[in-house]
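So this block is query.cif, mmCIF, C-alpha atoms:
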data_work
loop_
_atom_site.label_atom_id
_atom_site.label_comp_id
_atom_site.auth_asym_id
_atom_site.auth_seq_id
_atom_site.Cartn_x
_atom_site.Cartn_y
_atom_site.Cartn_z
CA MET A 1 -7.89 -4.34 6.78
CA GLN A 2 -6.54 -7.15 8.97
CA ARG A 3 -9.56 -9.36 8.95
CA SER A 4 -7.96 -12.09 6.82
CA THR A 5 -6.13 -13.63 9.77
CA GLY A 6 -9.35 -14.76 11.45
CA LEU A 7 -10.74 -16.18 8.22
CA LEU A 8 -7.63 -18.23 7.63
CA LEU A 9 -7.39 -19.52 11.19
CA VAL A 10 -11.07 -20.41 11.46
CA ALA A 11 -10.89 -22.46 8.32
CA ALA A 12 -8.03 -24.61 9.57
CA LEU A 13 -8.81 -28.30 9.17
CA CYS A 14 -9.06 -31.43 11.31
CA LEU A 15 -5.65 -33.01 11.81
CA SER A 16 -6.74 -36.50 10.84
CA ALA A 17 -8.45 -35.58 7.57
CA CYS A 18 -5.28 -34.79 5.67
CA ALA A 19 -3.70 -38.12 6.37
CA SER A 20 -6.58 -39.92 4.72
CA THR A 21 -6.96 -37.53 1.79
CA LYS A 22 -5.08 -38.29 -1.40
CA GLU A 23 -4.55 -35.55 -3.93
CA PRO A 24 -4.15 -36.44 -7.61
CA SER A 25 -0.44 -36.66 -8.29
CA THR A 26 0.95 -33.84 -10.40
CA THR A 27 4.42 -34.10 -11.82
CA SER A 28 6.42 -30.88 -11.77
CA ALA A 29 10.01 -29.85 -12.29
CA ASN A 30 11.93 -29.19 -9.10
CA VAL A 31 10.77 -25.81 -7.87
CA THR A 32 10.59 -23.99 -4.54
CA ILE A 33 7.89 -21.47 -3.69
CA THR A 34 7.41 -19.29 -0.65
CA VAL A 35 3.86 -18.75 0.58
CA ALA A 36 2.34 -16.24 3.02
CA CYS A 37 -0.07 -16.70 5.90
CA GLN A 38 1.23 -19.61 7.95
CA PRO A 39 -0.52 -19.35 11.34
CA ALA A 40 1.61 -18.03 14.19
CA LYS A 41 3.32 -20.24 16.78
CA SER A 42 0.86 -18.86 19.31
CA ALA A 43 -1.86 -20.85 17.47
CA PRO A 44 -0.18 -24.29 17.51
CA LYS A 45 -3.16 -26.35 16.35
CA GLU A 46 -3.82 -24.12 13.35
CA ARG A 47 -0.12 -24.00 12.55
CA GLN A 48 0.10 -27.80 12.66
CA ALA A 49 -2.93 -28.06 10.38
CA TRP A 50 -1.24 -25.70 7.92
CA ASP A 51 2.00 -27.67 8.05
CA ASP A 52 0.06 -30.89 7.46
CA ASP A 53 -1.54 -29.30 4.42
CA VAL A 54 1.87 -28.28 3.12
CA ALA A 55 3.09 -31.87 3.49
CA THR A 56 -0.01 -33.24 1.76
CA PHE A 57 0.36 -30.77 -1.08
CA MET A 58 4.04 -31.51 -1.63
CA LYS A 59 3.37 -35.26 -1.65
CA ALA A 60 0.76 -34.72 -4.36
CA HIS A 61 3.09 -32.42 -6.34
CA PRO A 62 6.47 -34.16 -6.60
CA GLY A 63 9.33 -31.73 -7.10
CA VAL A 64 7.52 -28.78 -5.48
CA THR A 65 8.89 -27.49 -2.17
CA VAL A 66 6.72 -25.08 -0.17
CA LYS A 67 8.32 -22.74 2.37
CA SER A 68 5.94 -20.83 4.62
CA THR A 69 6.15 -17.32 6.06
CA ASP A 70 4.48 -17.07 9.45
CA GLN A 71 3.88 -13.33 9.53
CA GLN A 72 0.53 -12.66 11.17
CA PRO A 73 -1.60 -10.89 10.29
CA CYS A 74 -0.98 -11.83 6.67
CA PHE A 75 -1.27 -8.18 5.66
CA ASP A 76 0.54 -5.64 7.79
CA PRO A 77 0.26 -2.09 6.39
CA LYS A 78 3.52 -1.15 8.14
CA THR A 79 5.59 -3.76 6.32
CA PHE A 80 3.62 -4.36 3.12
CA GLY A 81 4.88 -1.33 1.18
CA PRO A 82 8.57 -1.74 2.04
CA LYS A 83 8.50 -5.49 1.33
CA LEU A 84 6.77 -4.91 -1.99
CA ALA A 85 9.08 -2.08 -3.05
CA GLY A 86 12.13 -4.06 -2.00
CA GLY A 87 11.13 -7.16 -3.95
CA GLN A 88 10.96 -9.20 -0.74
CA MET A 89 7.44 -10.58 -1.17
CA GLU A 90 6.79 -14.31 -1.15
CA THR A 91 6.05 -16.15 -4.38
CA VAL A 92 2.40 -16.10 -3.27
CA PHE A 93 1.33 -13.16 -1.11
CA VAL A 94 -1.84 -11.50 0.18
CA VAL A 95 -3.07 -8.14 -1.11
CA PRO A 96 -6.10 -6.33 0.38
CA VAL A 97 -8.63 -4.93 -2.06
CA THR A 98 -7.54 -1.40 -1.14
CA ASN A 99 -4.16 -2.10 -2.73
CA TYR A 100 -5.15 -4.03 -5.85
CA ASN A 101 -4.93 -1.12 -8.25
CA ASP A 102 -1.60 0.17 -6.94
CA VAL A 103 0.06 -3.26 -6.95
CA ILE A 104 -1.19 -4.11 -10.44
CA SER A 105 -0.48 -0.71 -12.01
CA GLN A 106 3.05 -0.66 -10.61
CA GLY A 107 3.86 -4.06 -12.11
CA GLN A 108 4.28 -5.70 -8.72
CA ALA A 109 1.99 -8.65 -9.45
CA LEU A 110 2.40 -11.26 -12.16
CA ASP A 111 -0.11 -11.64 -14.97
CA VAL A 112 -1.51 -15.09 -14.11
CA THR A 113 -4.13 -15.29 -16.85
CA GLN A 114 -2.56 -18.41 -18.38
CA TYR A 115 -2.54 -20.16 -15.01
CA THR A 116 -6.15 -19.60 -13.87
CA GLY A 117 -6.98 -23.10 -15.09
CA GLU A 118 -5.07 -24.36 -12.05
CA ILE A 119 -7.96 -23.01 -9.95
CA LYS A 120 -10.48 -25.76 -10.65
CA ASN A 121 -13.47 -23.71 -9.52
CA TRP A 122 -12.31 -20.49 -11.16
CA ASN A 123 -15.54 -19.98 -13.08
CA ASP A 124 -17.56 -20.34 -9.87
CA LEU A 125 -15.83 -17.36 -8.27
CA ARG A 126 -18.10 -14.34 -8.34
CA GLN A 127 -17.64 -12.42 -11.56
CA ASP A 128 -17.70 -9.02 -9.84
CA VAL A 129 -15.01 -10.18 -7.42
CA ARG A 130 -12.86 -11.57 -10.24
CA ALA A 131 -13.23 -8.25 -12.05
CA LEU A 132 -11.40 -6.54 -9.18
CA VAL A 133 -8.20 -8.45 -9.96
CA THR A 134 -8.55 -8.03 -13.73
CA LYS A 135 -7.09 -5.15 -15.72
CA ASP A 136 -7.15 -4.75 -19.49
CA GLY A 137 -8.38 -8.32 -19.82
CA LYS A 138 -5.49 -9.77 -17.82
CA VAL A 139 -5.84 -11.50 -14.46
CA TYR A 140 -3.44 -10.56 -11.66
CA GLY A 141 -4.74 -12.47 -8.67
CA VAL A 142 -7.05 -15.06 -7.18
CA PRO A 143 -9.83 -13.61 -4.99
CA ASN A 144 -9.64 -15.11 -1.53
CA VAL A 145 -12.04 -13.15 0.69
CA HIS A 146 -15.12 -11.03 0.07
CA TYR A 147 -17.24 -9.52 2.82
CA GLY A 148 -19.85 -6.94 3.64
CA VAL A 149 -20.23 -4.99 6.87
CA GLY A 150 -23.05 -5.47 9.36
CA LEU A 151 -23.68 -4.86 13.06
CA VAL A 152 -22.05 -7.28 15.50
CA TYR A 153 -23.75 -7.35 18.89
CA ASN A 154 -23.60 -9.13 22.23
CA ARG A 155 -26.85 -11.04 22.69
CA LYS A 156 -26.17 -11.70 26.37
CA LEU A 157 -25.84 -7.98 27.10
CA PHE A 158 -29.01 -7.30 25.15
CA THR A 159 -30.86 -9.69 27.42
CA GLN A 160 -29.32 -8.22 30.56
CA ALA A 161 -30.31 -4.72 29.42
CA GLY A 162 -33.93 -5.74 28.78
CA LEU A 163 -33.54 -5.79 24.99
CA ASP A 164 -34.65 -8.54 22.64
CA PRO A 165 -31.55 -10.23 21.15
CA SER A 166 -33.69 -11.77 18.43
CA ASN A 167 -34.87 -8.33 17.32
CA PRO A 168 -31.63 -6.33 16.97
CA PRO A 169 -31.58 -2.62 16.02
CA LYS A 170 -32.43 -1.68 12.45
CA THR A 171 -31.86 2.08 12.68
CA TRP A 172 -29.26 4.37 14.20
CA ALA A 173 -31.89 5.71 16.58
CA GLU A 174 -32.51 2.18 17.82
CA ILE A 175 -28.77 1.59 18.15
CA ARG A 176 -28.46 4.74 20.22
CA GLU A 177 -31.26 3.70 22.57
CA ALA A 178 -29.88 0.18 22.93
CA ALA A 179 -26.40 1.53 23.61
CA LYS A 180 -27.71 3.71 26.47
CA LYS A 181 -29.42 0.74 28.10
CA ILE A 182 -26.31 -1.44 27.85
CA ALA A 183 -24.06 1.31 29.20
CA GLY A 184 -26.52 1.62 32.05
CA LEU A 185 -25.70 -1.89 33.25
CA GLY A 186 -22.85 -0.44 35.29
CA PRO A 187 -19.23 0.76 35.31
CA GLY A 188 -17.13 -0.62 32.48
CA TYR A 189 -20.03 -1.43 30.18
CA VAL A 190 -19.92 0.15 26.72
CA GLY A 191 -23.05 0.31 24.62
CA TYR A 192 -21.36 0.96 21.30
CA GLY A 193 -17.66 0.61 20.50
CA GLU A 194 -15.79 2.55 17.85
CA TYR A 195 -12.25 3.05 16.57
CA SER A 196 -10.33 6.32 16.57
CA GLY A 197 -6.90 5.59 15.11
CA GLY A 198 -4.48 3.20 13.45
CA ASN A 199 -6.32 3.72 10.13
CA THR A 200 -9.24 1.82 11.67
CA GLY A 201 -11.06 5.02 12.65
CA GLY A 202 -11.15 6.18 9.04
CA TRP A 203 -12.09 2.69 7.93
CA HIS A 204 -15.15 2.67 10.21
CA PHE A 205 -16.02 6.23 9.21
CA THR A 206 -16.13 4.96 5.63
CA GLN A 207 -18.40 2.09 6.63
CA ALA A 208 -20.76 4.51 8.33
CA ILE A 209 -20.86 7.13 5.56
CA TYR A 210 -21.48 4.45 2.92
CA GLY A 211 -24.41 3.20 4.94
CA ARG A 212 -25.91 6.67 4.98
CA GLY A 213 -25.55 6.98 1.22
CA GLY A 214 -22.42 9.13 1.16
CA SER A 215 -18.93 8.58 -0.16
CA ASP A 216 -15.34 9.34 0.71
CA LEU A 217 -14.48 10.57 -2.80
CA THR A 218 -16.10 12.15 -5.83
CA PRO A 219 -16.95 9.73 -8.68
CA ASP A 220 -13.71 10.57 -10.53
CA ASN A 221 -11.67 9.90 -7.35
CA LYS A 222 -10.04 13.32 -7.67
CA LYS A 223 -11.56 15.11 -4.67
CA ALA A 224 -12.76 14.36 -1.16
CA ALA A 225 -16.54 14.03 -0.81
CA PHE A 226 -16.89 13.21 2.88
CA ASN A 227 -17.44 16.82 4.02
CA SER A 228 -21.12 16.32 3.34
CA PRO A 229 -24.42 15.98 5.20
CA GLU A 230 -23.80 12.24 5.44
CA GLY A 231 -20.28 12.73 6.80
CA ARG A 232 -21.46 15.26 9.34
CA ALA A 233 -24.24 12.91 10.43
CA VAL A 234 -21.68 10.17 11.08
CA LEU A 235 -19.53 12.34 13.33
CA GLN A 236 -22.42 14.11 15.04
CA ASN A 237 -24.04 10.81 15.93
CA LEU A 238 -20.81 9.52 17.45
CA HIS A 239 -20.26 12.81 19.30
CA ASP A 240 -23.73 12.65 20.80
CA MET A 241 -23.45 9.00 21.79
CA ARG A 242 -20.10 9.71 23.44
CA TRP A 243 -20.85 13.00 25.22
CA VAL A 244 -24.64 13.27 25.54
CA ASP A 245 -25.54 9.63 26.14
CA ASN A 246 -22.24 8.51 27.70
CA SER A 247 -22.79 5.16 26.00
CA MET A 248 -19.36 4.73 24.34
CA GLY A 249 -17.05 4.59 27.31
CA SER A 250 -14.11 6.92 27.86
CA LYS A 251 -11.23 4.91 26.41
CA LEU A 252 -10.03 5.74 22.91
CA LEU A 253 -9.67 2.57 20.88
CA VAL A 254 -6.74 2.76 18.47
CA GLY A 255 -5.86 -0.08 16.15
CA TRP A 256 -7.64 -3.25 15.13
CA GLU A 257 -7.00 -5.29 18.28
CA SER A 258 -8.24 -2.72 20.77
CA LEU A 259 -11.94 -2.92 19.92
CA MET A 260 -11.75 -6.67 19.35
CA MET A 261 -10.28 -7.15 22.81
CA ALA A 262 -13.01 -4.98 24.29
CA MET A 263 -15.67 -6.97 22.47
CA GLY A 264 -14.11 -10.21 23.68
CA SER A 265 -14.28 -8.97 27.28
CA GLY A 266 -18.06 -9.29 27.15
CA LYS A 267 -18.72 -5.69 28.13
CA VAL A 268 -19.23 -4.06 24.71
CA GLY A 269 -22.73 -4.22 23.27
CA MET A 270 -22.31 -3.37 19.58
CA MET A 271 -19.82 -2.52 16.85
CA LEU A 272 -19.75 -2.30 13.08
CA GLY A 273 -17.99 -5.25 11.49
CA ALA A 274 -18.04 -8.11 9.06
CA PRO A 275 -19.01 -11.60 10.26
CA ASP A 276 -15.39 -12.63 10.79
CA VAL A 277 -15.35 -10.27 13.79
CA VAL A 278 -17.12 -13.06 15.67
CA THR A 279 -14.45 -15.50 14.55
CA ASP A 280 -11.64 -13.32 15.81
CA VAL A 281 -13.39 -12.30 19.03
CA VAL A 282 -13.90 -15.96 19.91
CA ASN A 283 -10.64 -17.36 18.52
CA LYS A 284 -8.18 -14.70 19.62
CA PHE A 285 -9.84 -12.68 22.34
CA LYS A 286 -11.63 -15.37 24.33
CA GLY A 287 -15.20 -14.22 23.79
CA ASN A 288 -18.01 -16.64 24.60
CA VAL A 289 -19.19 -18.01 21.28
CA ALA A 290 -22.84 -18.18 22.34
CA ASP A 291 -22.96 -14.48 23.17
CA TYR A 292 -22.53 -12.93 19.72
CA GLY A 293 -24.93 -12.22 16.91
CA ILE A 294 -24.75 -10.32 13.62
CA THR A 295 -27.43 -8.31 11.91
CA GLY A 296 -27.68 -6.08 8.88
CA PHE A 297 -26.10 -2.67 8.52
CA PRO A 298 -28.49 -0.07 10.01
CA GLU A 299 -30.56 1.92 7.49
CA ALA A 300 -28.14 0.74 4.83
CA LYS A 301 -28.14 2.36 1.43
CA ALA A 302 -24.85 0.57 0.75
CA THR A 303 -22.35 -1.44 2.73
CA LEU A 304 -18.60 -1.36 2.62
CA SER A 305 -17.36 -4.33 0.65
CA GLY A 306 -13.83 -5.48 1.23
CA GLY A 307 -11.61 -8.46 0.89
CA GLU A 308 -8.30 -9.75 -0.30
CA ALA A 309 -6.68 -11.75 -3.06
CA PHE A 310 -3.59 -13.84 -3.50
CA MET A 311 -1.13 -12.45 -6.04
CA VAL A 312 2.10 -13.85 -7.43
CA ASN A 313 5.50 -12.21 -7.32
CA PRO A 314 6.36 -10.83 -10.78
CA LYS A 315 9.82 -12.40 -10.44
CA ALA A 316 8.28 -15.90 -10.35
CA THR A 317 9.30 -18.29 -13.11
CA PRO A 318 6.55 -20.06 -15.06
CA ALA A 319 7.13 -23.20 -12.97
CA GLU A 320 6.92 -21.21 -9.73
CA ALA A 321 3.78 -19.40 -10.86
CA LYS A 322 2.06 -22.65 -11.79
CA ALA A 323 3.02 -24.25 -8.48
CA GLY A 324 1.83 -21.14 -6.63
CA LEU A 325 -1.60 -21.32 -8.26
CA GLN A 326 -1.79 -25.04 -7.50
CA TRP A 327 -1.11 -24.26 -3.82
CA ILE A 328 -3.79 -21.56 -3.80
CA ASP A 329 -6.22 -24.00 -5.39
CA PHE A 330 -5.51 -26.72 -2.83
CA ARG A 331 -5.38 -24.66 0.35
CA PHE A 332 -7.92 -21.93 -0.34
CA ASN A 333 -10.30 -22.95 -3.13
CA THR A 334 -11.25 -26.62 -2.75
CA VAL A 335 -14.49 -27.69 -1.11
CA GLY A 336 -13.80 -29.81 1.95
CA LYS A 337 -10.07 -29.13 2.03
CA GLY A 338 -7.70 -26.47 3.27
CA ARG A 339 -9.56 -23.59 4.80
CA PHE A 340 -12.85 -25.07 3.63
CA ASP A 341 -12.53 -28.39 5.48
CA PHE A 342 -14.79 -27.38 8.32
CA ALA A 343 -14.62 -30.87 9.78
CA ARG A 344 -11.04 -30.26 10.82
CA GLY A 345 -11.87 -26.83 12.14
CA LYS A 346 -14.55 -28.46 14.30
CA THR A 347 -12.08 -31.07 15.57
CA LEU A 348 -9.59 -28.35 16.45
CA GLY A 349 -12.22 -26.56 18.49
CA ASN A 350 -12.33 -23.54 16.20
CA PRO A 351 -15.59 -21.62 15.70
CA VAL A 352 -17.30 -22.91 12.56
CA GLY A 353 -20.54 -21.52 11.18
CA VAL A 354 -20.00 -17.79 10.63
CA PRO A 355 -21.05 -16.69 7.09
CA ASP A 356 -17.74 -14.89 6.74
CA ASN A 357 -16.78 -15.20 3.09
CA ASP A 358 -18.97 -14.75 0.02
CA VAL A 359 -16.26 -15.11 -2.61
CA TYR A 360 -18.14 -17.96 -4.36
CA GLY A 361 -21.63 -16.50 -3.97
CA ASP A 362 -24.52 -18.75 -4.99
CA SER A 363 -22.51 -20.86 -7.41
CA ALA A 364 -22.38 -24.64 -7.04
CA THR A 365 -19.12 -24.27 -5.13
CA GLY A 366 -20.58 -21.56 -2.91
CA LYS A 367 -23.62 -23.68 -2.06
CA ALA A 368 -21.43 -26.70 -1.27
CA ILE A 369 -19.25 -24.60 1.03
CA GLN A 370 -22.25 -23.17 2.86
CA ALA A 371 -23.82 -26.61 3.29
CA ASP A 372 -20.58 -28.03 4.67
CA ARG A 373 -20.17 -25.04 7.00
CA LYS A 374 -23.64 -25.55 8.45
CA ALA A 375 -23.19 -29.32 8.73
CA ASN A 376 -20.06 -28.84 10.84
CA ALA A 377 -21.13 -25.72 12.68
CA THR A 378 -19.94 -25.27 16.24
CA LEU A 379 -21.58 -21.87 16.46
CA PRO A 380 -25.26 -20.98 16.73
CA VAL A 381 -25.85 -20.24 13.04
CA GLU A 382 -29.33 -18.88 13.82
CA ASN A 383 -27.60 -15.91 15.52
CA TYR A 384 -26.25 -14.83 12.13
CA GLU A 385 -29.41 -15.27 10.08
CA PRO A 386 -30.45 -11.59 10.42
CA TYR A 387 -27.17 -10.64 8.74
CA VAL A 388 -27.58 -13.20 5.96
CA GLN A 389 -31.09 -11.99 5.20
CA ALA A 390 -30.26 -8.29 5.35
CA ALA A 391 -26.93 -8.45 3.51
CA ALA A 392 -28.54 -9.98 0.45
CA ALA A 393 -30.58 -6.80 -0.10
CA VAL A 394 -27.84 -4.22 0.50
CA PRO A 395 -25.68 -3.17 -2.46
CA PRO A 396 -21.93 -3.51 -1.85
CA LYS A 397 -19.60 -0.58 -2.32
CA ALA A 398 -15.85 -0.98 -2.68
CA GLU A 399 -13.28 0.74 -0.51
CA PRO A 400 -12.00 4.04 -1.97
CA VAL A 401 -8.76 4.36 -3.90
CA HIS A 402 -5.78 5.31 -1.72
CA ALA A 403 -7.85 3.94 1.14
CA GLN A 404 -5.10 3.62 3.72
CA GLU A 405 -3.99 7.23 3.23
CA LEU A 406 -7.60 8.42 3.45
CA TYR A 407 -8.24 6.35 6.55
CA ALA A 408 -5.23 7.88 8.28
CA ILE A 409 -6.57 11.36 7.53
CA LEU A 410 -10.07 10.49 8.72
CA ASP A 411 -8.65 8.98 11.92
CA VAL A 412 -8.08 12.53 13.11
CA ALA A 413 -11.74 13.45 12.71
CA MET A 414 -12.87 10.28 14.45
CA SER A 415 -10.47 10.84 17.31
CA GLY A 416 -11.58 14.44 17.57
CA VAL A 417 -15.26 13.74 18.24
CA LEU A 418 -14.49 10.88 20.62
CA SER A 419 -11.87 12.72 22.68
CA ARG A 420 -13.16 16.32 22.82
CA GLN A 421 -16.62 17.27 24.01
CA ASN A 422 -16.38 20.67 22.29
CA ALA A 423 -15.18 19.23 18.99
CA ASP A 424 -16.42 21.14 15.94
CA VAL A 425 -17.67 18.49 13.51
CA GLY A 426 -17.66 20.87 10.54
CA GLN A 427 -14.11 22.03 11.22
CA LEU A 428 -12.83 18.49 11.65
CA LEU A 429 -14.26 17.52 8.27
CA SER A 430 -12.98 20.69 6.59
CA ASP A 431 -9.46 20.05 7.88
CA ALA A 432 -9.62 16.42 6.73
CA GLU A 433 -10.96 17.52 3.35
CA SER A 434 -7.99 19.85 2.78
CA LYS A 435 -5.51 17.13 3.71
CA ALA A 436 -7.26 14.55 1.56
CA ASN A 437 -7.35 16.84 -1.47
CA SER A 438 -3.65 17.56 -1.12
CA MET A 439 -2.92 13.86 -0.93
CA LEU A 440 -5.09 13.09 -3.95
CA ALA A 441 -3.45 15.87 -5.97
CA ALA A 442 -0.02 14.47 -5.15
CA LYS A 443 -1.15 11.01 -6.22
CA GLY A 444 -2.23 12.46 -9.57
#
As C-alpha cells, the full file:
Amino acid sequence: MQRSTGLLLVAALCLSACASTKEPSTTSANVTITVACQPAKSAPKERQAWDDDVATFMKAHPGVTVKSTDQQPCFDPKTFGPKLAGGQMETVFVVPVTNYNDVISQGQALDVTQYTGEIKNWNDLRQDVRALVTKDGKVYGVPNVHYGVGLVYNRKLFTQAGLDPSNPPKTWAEIREAAKKIAGLGPGYVGYGEYSGGNTGGWHFTQAIYGRGGSDLTPDNKKAAFNSPEGRAVLQNLHDMRWVDNSMGSKLLVGWESLMMAMGSGKVGMMLGAPDVVTDVVNKFKGNVADYGITGFPEAKATLSGGEAFMVNPKATPAEAKAGLQWIDFRFNTVGKGRFDFARGKTLGNPVGVPDNDVYGDSATGKAIQADRKANATLPVENYEPYVQAAAAVPPKAEPVHAQELYAILDVAMSGVLSRQNADVGQLLSDAESKANSMLAAKG
C-alpha cells in the first residue's frame, strides 16, 4: 500500500550536505532517464533536497540527464495499471510487493541481472527480500522497502486514560480494554481505529488474520481461505468493539489518509500499522512526535510483511538501464546519502529515528544505517523499542497474490461489521468467499 511516500520523505537529506559531497565521477554516453517519486510541491524542503540530489548525481555522472516525476504517492493503484499497460512508466518506477509477480510475469519489468553490480551494497540486501524480485534466476528489481506490521499507539492518550504507555497491550483482550478506557475520555475520542474501504479495509483484515494464524488464500493460491475461525474472530472482535464497547467511534474510515488524519488529530488511541505510520502521522498530518509509540503485533503468530522495489522499464536501452541502477544506488542504497542521510533529514526538521525499513537487515550496511539513524534521531527512539524487540521474534508473511483485488472484496466485510450492528459475520465472509473464488478462477 501507499506507505512508501512517508519513507521517502522522511529520509530526505540536509540541504548543505550535498554541496560538500563529491561522488566518484562516472563517464557515460549521453542518456536521459525518467525517475519516479519526486516529493510533491506541497513538501518544498523535501522536494528541494531531492532536486539537489539529482543535481549532485548528474554532476557525478556526466552525460546522464535525470527527469523527475512528482506523482505522490509514488504508487497509486488507480493509475498504476493503466500507466503500466500503456507503456507510460518512467525508466525507474516503484512497484509494491503485491504486484511483483504480475509485473514480472507480464514482461513489464526489465531483467536487470547484469546491472546489479551498480548497487554497491547489493549483497548486503536481505536474501529473502531479493528473492521476491527474482524469477528463474533473473533479477527484475531492486528492493527498496521492507516492513512488518505492529501496533501504533498514542502514549499521551494512554496516560490520560490511566494506562501505562511503557507497557502497551500484548493481547487483543488488552487492546479491547485499553480502547474502552481511551474512548471513555470523552466525545470524539476513539480507542481503536480501523479501515473499512479503499482496499485498506481488506489490507488490515489481512494483517489481523495473519496475526491470528490464518490466511487469505489456500497454499496453492487457488481458493479463498479467510472464511475460517481466524477470519470470523477478526470480524467478530471488530463488531464487538464497535457495537458492544463503543470504542471505535461512529465514522467509517475509507482510504489510507482517513485513519492517518484521525491518528494525527491526537484523539485515536491505537491502530495496526508499520513503523512508518508514525513518520506519516507526524510529517503529513501534524501529529505530535512525542505522543506516538509502536509495539509488537498482538498475539502474533505471523505478521504481514510488505514493501516495494524499484523496477526498470523494459523499453530502457542498456545505457538507460545502467544509469537507472546508478541513480537507485545513489539515492536509495548508499549509507549517509540520499534517503539514508539522516543528518539532512534532521536539518530539515523531519522525524528521524523510526525503525521503518529492514531491507538491509543485520548486514554491515544495515547496522551502519541503524547507527546513523539513532545518532541523528529527532524522535524518542525508546518509544519504538517494544516493536523492535517483538518484531524480531515474529515470522513475516507476504501479502497474498492478487492482493488488491482481494482487499477490495474484503473491504465489504470490514465495512459491514463497522456500519451495521446486526451484521452477520458468517454471511459477510461467505459472500466475500464466493466473490474471491470467482476472481481467482478468472485469474487462472
| Of the listed residues A:Ser250, A:Ser430, A:Asn357, A:Thr69, that which approaches A:Gly307 most closely, counting only C-alpha atoms |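 Selected residue with least distance to A:Gly307: A:Asn357.
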**Asked** Quick one: residues within 10 Å of stretch 393-400 of chain A, all atoms listed in the file counted, chain neighbours fewer than 4 positions away excluded, as a PyMOL selection string?
**Response** chain A and resi 97-99+132+147-149+203+206-207+210-211+215-218+221+296-297+299-307+388-389+404+406-407
Check: Within 12 Å of A:Gly198, counting all atoms listed in the file, which residues qualify if same-chain residues fewer than 4 places away don't, as a PyMOL selection string?
Finding: chain A and resi 1-2+76-78+202-204+252-259+404-412+414-415
Evaluate the PyMOL selection byres ((chain A and resi 366-371) around 12) and record the selected residues as a count of residues only, following the chain and residue labels used in the document. 41
Here atom CA of A:Tyr387 and atom CA of A:Leu151 stand apart by 8.0 Å
Next item on the list: Name the residues that the PyMOL selection byres ((chain A and resi 80-88) around 9) pulls out of this structure, and write them as a ChimeraX atom specification.
Entry: /A:75-79,89-90,95,103,108,313,315
